[in-house]
file my_file_12.cif (mmCIF, C-alpha atoms)
data_model
#
loop_
_atom_site.label_atom_id
_atom_site.label_comp_id
_atom_site.auth_asym_id
_atom_site.auth_seq_id
_atom_site.Cartn_x
_atom_site.Cartn_y
_atom_site.Cartn_z
CA MET Z 1 -29.62 -7.58 -19.65
CA ASN Z 2 -26.10 -6.84 -20.80
CA ASN Z 3 -26.07 -3.09 -20.85
CA ASN Z 4 -22.38 -2.54 -21.15
CA LEU Z 5 -20.60 -2.73 -24.46
CA LEU Z 6 -16.96 -2.56 -25.38
CA ASP Z 7 -15.62 -0.05 -27.86
CA PRO Z 8 -11.92 -0.69 -28.39
CA HIS Z 9 -11.71 2.18 -30.89
CA GLN Z 10 -12.23 4.57 -27.97
CA TRP Z 11 -10.25 2.74 -25.31
CA VAL Z 12 -7.18 4.92 -25.24
CA ASN Z 13 -9.20 8.13 -25.29
CA ALA Z 14 -11.57 7.03 -22.62
CA HIS Z 15 -9.41 5.06 -20.19
CA ALA Z 16 -5.66 5.32 -20.81
CA ASP Z 17 -5.05 8.26 -18.46
CA TYR Z 18 -7.16 6.72 -15.75
CA LEU Z 19 -5.41 3.35 -16.00
CA TYR Z 20 -2.02 5.04 -16.03
CA ALA Z 21 -2.80 7.06 -12.88
CA TYR Z 22 -4.12 3.90 -11.25
CA THR Z 23 -0.86 2.12 -12.05
CA ILE Z 24 1.56 4.86 -11.11
CA THR Z 25 0.21 5.06 -7.55
CA ARG Z 26 0.79 1.33 -7.19
CA ILE Z 27 4.04 0.97 -9.14
CA SER Z 28 6.15 4.06 -8.99
CA ASP Z 29 8.03 3.38 -12.21
CA GLU Z 30 6.76 5.36 -15.20
CA GLU Z 31 8.11 3.08 -17.91
CA GLN Z 32 6.79 -0.01 -16.24
CA ALA Z 33 3.44 1.69 -15.69
CA LYS Z 34 3.18 2.55 -19.38
CA ASP Z 35 4.01 -1.02 -20.33
CA LEU Z 36 1.34 -2.31 -18.01
CA VAL Z 37 -1.30 -0.03 -19.53
CA GLN Z 38 -0.38 -1.22 -23.00
CA GLU Z 39 -0.35 -4.87 -21.94
CA THR Z 40 -3.74 -4.41 -20.36
CA PHE Z 41 -5.34 -3.17 -23.57
CA LEU Z 42 -3.73 -5.92 -25.63
CA ALA Z 43 -4.76 -8.61 -23.16
CA ALA Z 44 -8.26 -7.15 -23.11
CA LEU Z 45 -8.51 -7.38 -26.90
CA GLU Z 46 -7.87 -11.08 -26.67
CA LYS Z 47 -10.74 -11.61 -24.32
CA VAL Z 48 -13.38 -9.27 -25.67
CA ASN Z 49 -15.51 -12.33 -26.32
CA SER Z 50 -15.57 -13.23 -22.67
CA PHE Z 51 -16.88 -9.78 -21.67
CA GLU Z 52 -20.38 -10.34 -20.39
CA GLY Z 53 -21.38 -6.73 -19.96
CA LYS Z 54 -22.01 -7.15 -16.27
CA SER Z 55 -19.55 -4.44 -15.33
CA SER Z 56 -18.60 -1.23 -17.02
CA GLU Z 57 -15.85 -1.20 -19.61
CA ARG Z 58 -13.57 0.70 -17.22
CA THR Z 59 -14.18 -1.68 -14.32
CA TRP Z 60 -13.46 -4.62 -16.59
CA LEU Z 61 -10.22 -3.10 -17.88
CA THR Z 62 -9.16 -2.14 -14.36
CA ALA Z 63 -9.64 -5.73 -13.18
CA ILE Z 64 -7.31 -6.96 -15.93
CA LEU Z 65 -4.77 -4.31 -14.98
CA ARG Z 66 -5.04 -5.15 -11.29
CA ASN Z 67 -4.06 -8.75 -11.96
CA LYS Z 68 -1.07 -7.58 -13.95
CA ILE Z 69 0.02 -5.31 -11.10
CA ILE Z 70 -0.22 -8.19 -8.62
CA ASP Z 71 1.93 -10.28 -10.97
CA VAL Z 72 4.55 -7.54 -10.81
CA TYR Z 73 4.32 -7.47 -6.99
CA ARG Z 74 4.75 -11.21 -6.90
CA LYS Z 75 7.80 -11.13 -9.13
CA LYS Z 76 9.37 -8.23 -7.30
CA SER Z 77 8.88 -9.80 -3.89
CA SER Z 78 10.20 -13.20 -4.81
CA GLY Z 79 13.57 -12.25 -6.30
CA LEU Z 80 15.56 -10.03 -4.00
CA VAL Z 81 13.33 -10.57 -1.04
CA ASN Z 82 16.00 -11.68 1.39
CA ILE Z 83 18.31 -8.77 0.77
CA ASP Z 84 15.85 -5.91 1.04
CA VAL Z 85 13.78 -7.43 3.83
CA SER Z 86 16.79 -8.09 6.00
CA LYS Z 87 18.00 -4.56 5.36
CA ALA Z 88 14.67 -3.15 6.49
CA GLU Z 89 14.62 -5.45 9.50
CA GLN Z 90 18.07 -4.27 10.39
CA GLU Z 91 16.75 -0.71 10.51
CA GLN Z 92 14.34 -1.57 13.28
CA ALA Z 93 16.58 -3.99 15.16
CA ASP Z 94 17.36 -1.33 17.75
CA PHE Z 95 13.85 0.09 18.12
CA PHE Z 96 13.17 -2.07 21.17
CA GLU Z 97 15.36 -3.28 24.02
CA PRO Z 98 16.20 -6.92 23.41
CA ASP Z 99 15.48 -8.09 26.95
CA ASP Z 100 12.12 -6.55 27.83
CA GLY Z 101 10.85 -5.20 24.50
CA HIS Z 102 10.60 -1.63 25.76
CA TRP Z 103 11.23 1.27 23.43
CA ASN Z 104 14.85 2.23 23.05
CA SER Z 105 14.72 5.91 24.00
CA GLU Z 106 16.62 6.95 20.89
CA TYR Z 107 13.91 5.54 18.62
CA ALA Z 108 10.86 6.02 20.83
CA PRO Z 109 7.93 7.78 19.16
CA LYS Z 110 7.58 11.39 20.11
CA GLU Z 111 5.19 14.06 19.01
CA PHE Z 112 6.25 15.63 15.75
CA GLY Z 113 3.12 17.44 14.76
CA ILE Z 114 1.92 14.73 12.43
CA ASP Z 115 -1.68 15.39 13.50
CA ASN Z 116 -1.60 18.80 11.93
CA TYR Z 117 -0.64 17.73 8.45
CA ASP Z 118 -3.01 16.94 5.68
CA PRO Z 119 -0.99 15.26 2.92
CA ILE Z 120 -3.30 16.63 0.30
CA VAL Z 121 -2.64 20.19 1.38
CA ASN Z 122 0.92 19.76 2.48
CA LYS Z 123 2.88 18.74 -0.60
CA GLU Z 124 6.18 18.59 1.23
CA PHE Z 125 4.91 16.12 3.79
CA ASN Z 126 3.33 14.18 0.96
CA GLN Z 127 6.70 13.79 -0.73
CA ILE Z 128 8.35 12.51 2.44
CA LEU Z 129 5.55 10.01 2.95
CA LEU Z 130 5.96 8.72 -0.60
CA LYS Z 131 9.73 8.51 -0.26
CA CYS Z 132 9.44 6.59 3.00
CA MET Z 133 7.04 4.16 1.34
CA GLN Z 134 9.34 3.63 -1.62
CA LYS Z 135 12.12 2.61 0.75
CA LEU Z 136 10.09 -0.35 1.97
CA PRO Z 137 11.02 -3.83 0.77
CA ALA Z 138 8.98 -4.88 -2.28
CA LEU Z 139 7.00 -7.51 -0.40
CA TRP Z 140 6.11 -5.15 2.45
CA MET Z 141 5.13 -2.44 0.00
CA SER Z 142 2.94 -4.89 -1.91
CA VAL Z 143 1.15 -6.09 1.21
CA PHE Z 144 0.76 -2.55 2.53
CA THR Z 145 -0.51 -1.18 -0.78
CA MET Z 146 -3.06 -3.91 -1.32
CA LYS Z 147 -4.39 -3.37 2.18
CA HIS Z 148 -4.53 0.42 2.24
CA MET Z 149 -5.19 1.29 -1.36
CA ASP Z 150 -7.50 -1.42 -2.46
CA ASP Z 151 -8.91 -2.51 0.89
CA GLU Z 152 -8.32 -6.11 -0.07
CA THR Z 153 -9.16 -8.64 2.62
CA THR Z 154 -6.33 -10.27 4.48
CA ASP Z 155 -7.25 -13.64 2.95
CA VAL Z 156 -6.98 -12.32 -0.59
CA ILE Z 157 -3.63 -10.67 0.06
CA CYS Z 158 -2.21 -13.78 1.69
CA ALA Z 159 -3.38 -15.95 -1.19
CA GLU Z 160 -2.21 -13.64 -3.97
CA LEU Z 161 1.19 -12.86 -2.51
CA LYS Z 162 1.64 -16.29 -0.94
CA VAL Z 163 2.24 -15.20 2.62
CA THR Z 164 0.89 -16.92 5.71
CA PRO Z 165 -1.57 -15.01 7.92
CA SER Z 166 0.94 -14.81 10.76
CA ASN Z 167 3.60 -13.51 8.41
CA PHE Z 168 1.04 -10.99 7.10
CA TRP Z 169 0.67 -9.44 10.57
CA VAL Z 170 4.41 -9.39 11.11
CA ILE Z 171 4.81 -7.55 7.80
CA ILE Z 172 2.07 -5.03 8.63
CA HIS Z 173 3.65 -4.35 12.02
CA ARG Z 174 7.17 -3.97 10.64
CA THR Z 175 6.02 -1.80 7.78
CA LYS Z 176 4.32 0.61 10.12
CA LEU Z 177 7.29 0.71 12.49
CA ASN Z 178 9.63 1.64 9.66
CA LEU Z 179 7.24 4.07 8.03
CA ARG Z 180 6.54 5.93 11.26
CA ALA Z 181 10.23 6.07 12.17
CA CYS Z 182 11.09 7.33 8.69
CA LEU Z 183 8.49 10.11 8.97
CA GLN Z 184 9.70 11.14 12.41
CA LYS Z 185 13.31 11.17 11.24
CA ASN Z 186 12.70 13.15 8.08
CA TRP Z 187 10.01 15.56 9.12
CA ILE Z 188 11.38 17.08 12.31
CA MET X 1 2.70 -0.10 37.51
CA GLU X 2 6.16 -0.86 36.20
CA ALA X 3 5.89 -4.46 37.32
CA LEU X 4 2.45 -4.85 35.78
CA LYS X 5 3.70 -3.38 32.53
CA LYS X 6 6.37 -6.02 32.37
CA ILE X 7 3.88 -8.79 32.97
CA THR X 8 1.21 -7.64 30.56
CA HIS X 9 3.18 -6.49 27.59
CA ASN X 10 6.31 -5.15 26.21
CA CYS X 11 6.13 -2.26 23.74
CA LYS X 12 7.09 -4.44 20.81
CA LYS X 13 4.11 -6.67 21.49
CA ALA X 14 1.86 -3.73 22.26
CA THR X 15 2.63 -2.03 18.94
CA PHE X 16 1.98 -5.34 17.19
CA LEU X 17 -1.46 -5.53 18.82
CA ILE X 18 -2.16 -1.90 17.93
CA GLU X 19 -1.52 -2.71 14.26
CA LYS X 20 -3.51 -5.90 14.34
CA LYS X 21 -6.46 -4.16 15.99
CA LEU X 22 -6.36 -1.41 13.39
CA ILE X 23 -7.16 -3.63 10.42
CA GLY X 24 -8.15 -6.94 11.92
CA ARG X 25 -9.35 -8.47 15.15
CA ILE X 26 -7.65 -9.11 18.45
CA THR X 27 -9.00 -11.33 21.21
CA LEU X 28 -10.76 -10.02 24.29
CA ARG X 29 -7.75 -10.99 26.35
CA GLU X 30 -5.44 -9.07 24.03
CA HIS X 31 -7.79 -6.09 24.22
CA ILE X 32 -7.53 -6.01 27.99
CA GLU X 33 -3.77 -6.47 27.95
CA LEU X 34 -3.37 -3.69 25.42
CA ARG X 35 -5.55 -1.33 27.46
CA ILE X 36 -3.51 -1.97 30.56
CA HIS X 37 -0.31 -1.44 28.63
CA LEU X 38 -1.50 1.80 27.07
CA PHE X 39 -2.69 3.05 30.45
CA GLY X 40 0.85 2.87 31.71
CA CYS X 41 2.82 3.65 28.57
CA GLY X 42 2.75 7.16 27.14
CA VAL X 43 5.14 6.32 24.33
CA CYS X 44 2.87 3.62 22.95
CA ARG X 45 -0.08 6.01 23.27
CA ILE X 46 1.78 8.39 20.99
CA TYR X 47 2.59 5.48 18.67
CA GLN X 48 -1.08 4.52 18.48
CA LYS X 49 -2.19 8.04 17.66
CA GLN X 50 0.46 8.43 14.97
CA THR X 51 -0.04 5.07 13.31
CA ILE X 52 -3.79 5.68 12.97
CA LYS X 53 -3.02 9.04 11.39
CA ILE X 54 -0.48 7.48 9.01
CA SER X 55 -3.03 4.92 7.80
CA GLU X 56 -5.51 7.71 7.14
CA MET X 57 -2.94 9.76 5.27
CA VAL X 58 -1.85 6.83 3.14
CA ARG X 59 -5.44 6.04 2.19
CA GLN X 60 -6.09 9.68 1.32
CA LEU X 61 -2.93 9.88 -0.71
CA PHE X 62 -3.75 6.77 -2.73
CA HIS X 63 -7.28 7.82 -3.48
CA SER X 64 -6.54 11.40 -4.34
CA SER X 65 -3.78 10.45 -6.72
CA VAL X 66 -6.12 8.63 -9.07
CA ASN X 67 -7.74 11.96 -9.86
CA ARG X 68 -4.62 14.01 -9.99
CA ASP X 69 -3.23 15.14 -13.28
CA THR X 70 -1.02 12.20 -14.11
CA LYS X 71 -1.47 11.94 -17.83
CA LEU X 72 0.14 9.93 -20.56
CA ASP X 73 1.77 11.88 -23.32
CA ASP X 74 -0.17 12.22 -26.54
CA ASN X 75 2.33 10.42 -28.74
CA PHE X 76 2.28 7.38 -26.53
CA LYS X 77 -1.51 7.38 -26.64
CA LYS X 78 -1.61 7.79 -30.41
CA ASP X 79 0.76 4.85 -30.88
CA LEU X 80 -1.19 2.80 -28.43
CA GLN X 81 -4.52 3.33 -30.18
CA GLU X 82 -2.87 2.54 -33.53
CA ARG X 83 -1.57 -0.68 -32.06
CA ILE X 84 -5.07 -1.56 -30.92
CA GLU X 85 -6.52 -0.79 -34.36
CA GLU X 86 -3.88 -3.02 -35.92
CA GLU X 87 -4.89 -5.88 -33.68
CA LEU X 88 -8.55 -5.28 -34.44
CA ASN X 89 -7.89 -5.41 -38.18
CA LYS X 90 -6.17 -8.74 -37.88
CA ASN X 91 -9.43 -10.41 -37.03
#
call {"tool": "encode", "arguments": {"input": "my_file_12.cif", "output": "structure tokens"}}
result
Amino acid sequence: MNNNLLDPHQWVNAHADYLYAYTITRISDEEQAKDLVQETFLAALEKVNSFEGKSSERTWLTAILRNKIIDVYRKKSSGLVNIDVSKAEQEQADFFEPDDGHWNSEYAPKEFGIDNYDPIVNKEFNQILLKCMQKLPALWMSVFTMKHMDDETTDVICAELKVTPSNFWVIIHRTKLNLRACLQKNWI
Amino acid sequence: MEALKKITHNCKKATFLIEKKLIGRITLREHIELRIHLFGCGVCRIYQKQTIKISEMVRQLFHSSVNRDTKLDDNFKKDLQERIEEELNKN
């Protein structure tokens, strides 16, 4: 019944690079990513007895890591939240006219050839996209990452990051507004 | 058209609905309002096209990067496995 076994003697060989790559796309800080990989293995050692063999070793380790990453998101978004969120909100304060909500012509979306770029092929565009994402406030980045990278449901994200559903949609909207504006500004 | 646009939606609300529709659900009423808005607003049509593309690109980027050659250095890995062995020997 329990087909999967754990072999901690092979953990680093078999999974460390994978777990590191998984972390670095979600937390763009190399030192912190390394720490998280190490913490994951050590935490896993303490619960080897609770491993039921229902999932593969890698899936099990990744689940432990995922929880650690969400802890980091939570910590990051609770501390300086007011400063970086209000800064990001400031950036989009002029996007729309205050009276009727129409686009301010200076910030209005215009074609900039985004349709023609494949981030996998176009490294330069890729870099700009990453940079624009890293400028997002920690909370926005956390919500956005969980949604687009891990396809988490809205309920899960709201529960884990302690945001209300209506705040979730506001964050998604604001994140996209800033991200799109950042791409338009830096790519043209 | 201009008057109708004002009544149905402003662009701030329209872009909000575009985002909500993209990963969640909007009501039938909101659907109709958004359609009317987009019919009359070329800027928001561009926004919609671009934001869909950005979501796709972000997803692609995230998934491709798991396979890319981000590797830990060998010394770190050696130390890490030693640390694990140490813990194993404790028990």
call {"tool": "closest_residue", "arguments": {"input": "my_file_12.cif", "among": "Z:Ile64, Z:Ile114, Z:Ala181, Z:Ile128", "to": "chain X", "atoms": "all atoms listed in the file"}}
result
Z:Ile114
call {"tool": "residues_around", "arguments": {"input": "my_file_12.cif", "residues": "Leu42 (chain Z)", "least_positions_apart": "6", "cutoff": "10 Å", "atoms": "all atoms listed in the file", "output": "ChimeraX atom specification"}}
result
/Z:36 /X:80,83-84,87
call {"tool": "atom_distance", "arguments": {"input": "my_file_12.cif", "atom1": "CA of Ala43 (chain Z)", "atom2": "CA of Tyr20 (chain Z)"}}
result
15.6 Å
call {"tool": "resolve_selection", "arguments": {"input": "my_file_12.cif", "expression": "the PyMOL selection byres ((chain X) within 9 of (chain Z))", "output": "MDAnalysis selection string"}}
result
chainID X and resid 6 9:13 15:20 23:24 43:44 46:47 49:51 53:72 76:78 80:81 83:85 87:88
call {"tool": "closest_residue", "arguments": {"input": "my_file_12.cif", "among": "X:Ile52, X:Ala14, X:Lys90, X:Lys21", "to": "His37 (chain X)", "atoms": "all atoms listed in the file"}}
result
X:Ala14
call {"tool": "build_atoms", "arguments": {"input": "my_file_12.cif", "residues": "region 161-186 of chain Z", "atoms": "N, CA, C and O atoms", "output": "CSV table (one decimal), keeping the file's coordinate frame"}}
result
chain,number,residue,atom,x,y,z
Z,161,LEU,N,-0.2,-13.1,-2.7
Z,161,LEU,CA,1.2,-12.9,-2.5
Z,161,LEU,C,1.9,-14.0,-1.8
Z,161,LEU,O,3.1,-14.0,-1.5
Z,162,LYS,N,1.1,-15.1,-1.6
Z,162,LYS,CA,1.6,-16.3,-0.9
Z,162,LYS,C,2.4,-16.0,0.4
Z,162,LYS,O,3.5,-16.4,0.5
Z,163,VAL,N,1.7,-15.3,1.3
Z,163,VAL,CA,2.2,-15.2,2.6
Z,163,VAL,C,1.3,-15.8,3.6
Z,163,VAL,O,0.1,-15.9,3.4
Z,164,THR,N,1.8,-16.3,4.7
Z,164,THR,CA,0.9,-16.9,5.7
Z,164,THR,C,0.2,-15.8,6.5
Z,164,THR,O,0.8,-14.7,6.6
Z,165,PRO,N,-0.9,-16.1,7.1
Z,165,PRO,CA,-1.6,-15.0,7.9
Z,165,PRO,C,-0.7,-14.5,9.0
Z,165,PRO,O,-0.6,-13.3,9.3
Z,166,SER,N,0.1,-15.3,9.7
Z,166,SER,CA,0.9,-14.8,10.8
Z,166,SER,C,2.1,-13.9,10.2
Z,166,SER,O,2.4,-12.9,10.8
Z,167,ASN,N,2.6,-14.3,9.0
Z,167,ASN,CA,3.6,-13.5,8.4
Z,167,ASN,C,3.0,-12.2,7.9
Z,167,ASN,O,3.6,-11.1,8.0
Z,168,PHE,N,1.7,-12.2,7.5
Z,168,PHE,CA,1.0,-11.0,7.1
Z,168,PHE,C,1.1,-10.0,8.2
Z,168,PHE,O,1.4,-8.8,8.0
Z,169,TRP,N,0.7,-10.4,9.5
Z,169,TRP,CA,0.7,-9.4,10.6
Z,169,TRP,C,2.0,-8.9,11.0
Z,169,TRP,O,2.2,-7.8,11.3
Z,170,VAL,N,3.0,-9.8,10.8
Z,170,VAL,CA,4.4,-9.4,11.1
Z,170,VAL,C,4.8,-8.3,10.1
Z,170,VAL,O,5.4,-7.3,10.5
Z,171,ILE,N,4.5,-8.5,8.8
Z,171,ILE,CA,4.8,-7.6,7.8
Z,171,ILE,C,4.1,-6.2,8.0
Z,171,ILE,O,4.7,-5.1,8.0
Z,172,ILE,N,2.8,-6.3,8.4
Z,172,ILE,CA,2.1,-5.0,8.6
Z,172,ILE,C,2.7,-4.3,9.8
Z,172,ILE,O,2.9,-3.0,9.7
Z,173,HIS,N,3.0,-5.0,10.8
Z,173,HIS,CA,3.6,-4.4,12.0
Z,173,HIS,C,5.0,-3.7,11.7
Z,173,HIS,O,5.2,-2.5,11.9
Z,174,ARG,N,5.8,-4.5,11.0
Z,174,ARG,CA,7.2,-4.0,10.6
Z,174,ARG,C,7.1,-2.8,9.7
Z,174,ARG,O,7.9,-1.9,9.8
Z,175,THR,N,6.2,-2.9,8.7
Z,175,THR,CA,6.0,-1.8,7.8
Z,175,THR,C,5.7,-0.5,8.5
Z,175,THR,O,6.3,0.6,8.2
Z,176,LYS,N,4.7,-0.6,9.4
Z,176,LYS,CA,4.3,0.6,10.1
Z,176,LYS,C,5.4,1.2,11.0
Z,176,LYS,O,5.6,2.4,11.1
Z,177,LEU,N,6.2,0.3,11.6
Z,177,LEU,CA,7.3,0.7,12.5
Z,177,LEU,C,8.3,1.5,11.7
Z,177,LEU,O,8.7,2.6,12.1
Z,178,ASN,N,8.6,1.0,10.5
Z,178,ASN,CA,9.6,1.6,9.7
Z,178,ASN,C,9.1,2.9,9.1
Z,178,ASN,O,9.8,3.9,9.0
Z,179,LEU,N,7.9,2.9,8.6
Z,179,LEU,CA,7.2,4.1,8.0
Z,179,LEU,C,7.2,5.2,9.0
Z,179,LEU,O,7.5,6.4,8.7
Z,180,ARG,N,6.7,4.9,10.2
Z,180,ARG,CA,6.5,5.9,11.3
Z,180,ARG,C,7.9,6.5,11.6
Z,180,ARG,O,8.1,7.7,11.8
Z,181,ALA,N,8.9,5.6,11.8
Z,181,ALA,CA,10.2,6.1,12.2
Z,181,ALA,C,10.8,7.0,11.1
Z,181,ALA,O,11.5,8.0,11.3
Z,182,CYS,N,10.6,6.6,9.8
Z,182,CYS,CA,11.1,7.3,8.7
Z,182,CYS,C,10.5,8.7,8.7
Z,182,CYS,O,11.2,9.7,8.4
Z,183,LEU,N,9.2,8.8,8.9
Z,183,LEU,CA,8.5,10.1,9.0
Z,183,LEU,C,9.0,11.0,10.1
Z,183,LEU,O,9.3,12.2,9.9
Z,184,GLN,N,9.2,10.4,11.3
Z,184,GLN,CA,9.7,11.1,12.4
Z,184,GLN,C,11.1,11.7,12.1
Z,184,GLN,O,11.4,12.8,12.4
Z,185,LYS,N,11.9,10.8,11.5
Z,185,LYS,CA,13.3,11.2,11.2
Z,185,LYS,C,13.4,12.3,10.2
Z,185,LYS,O,14.2,13.2,10.3
Z,186,ASN,N,12.6,12.2,9.2
Z,186,ASN,CA,12.7,13.2,8.1
Z,186,ASN,C,11.8,14.4,8.2
Z,186,ASN,O,12.0,15.3,7.4
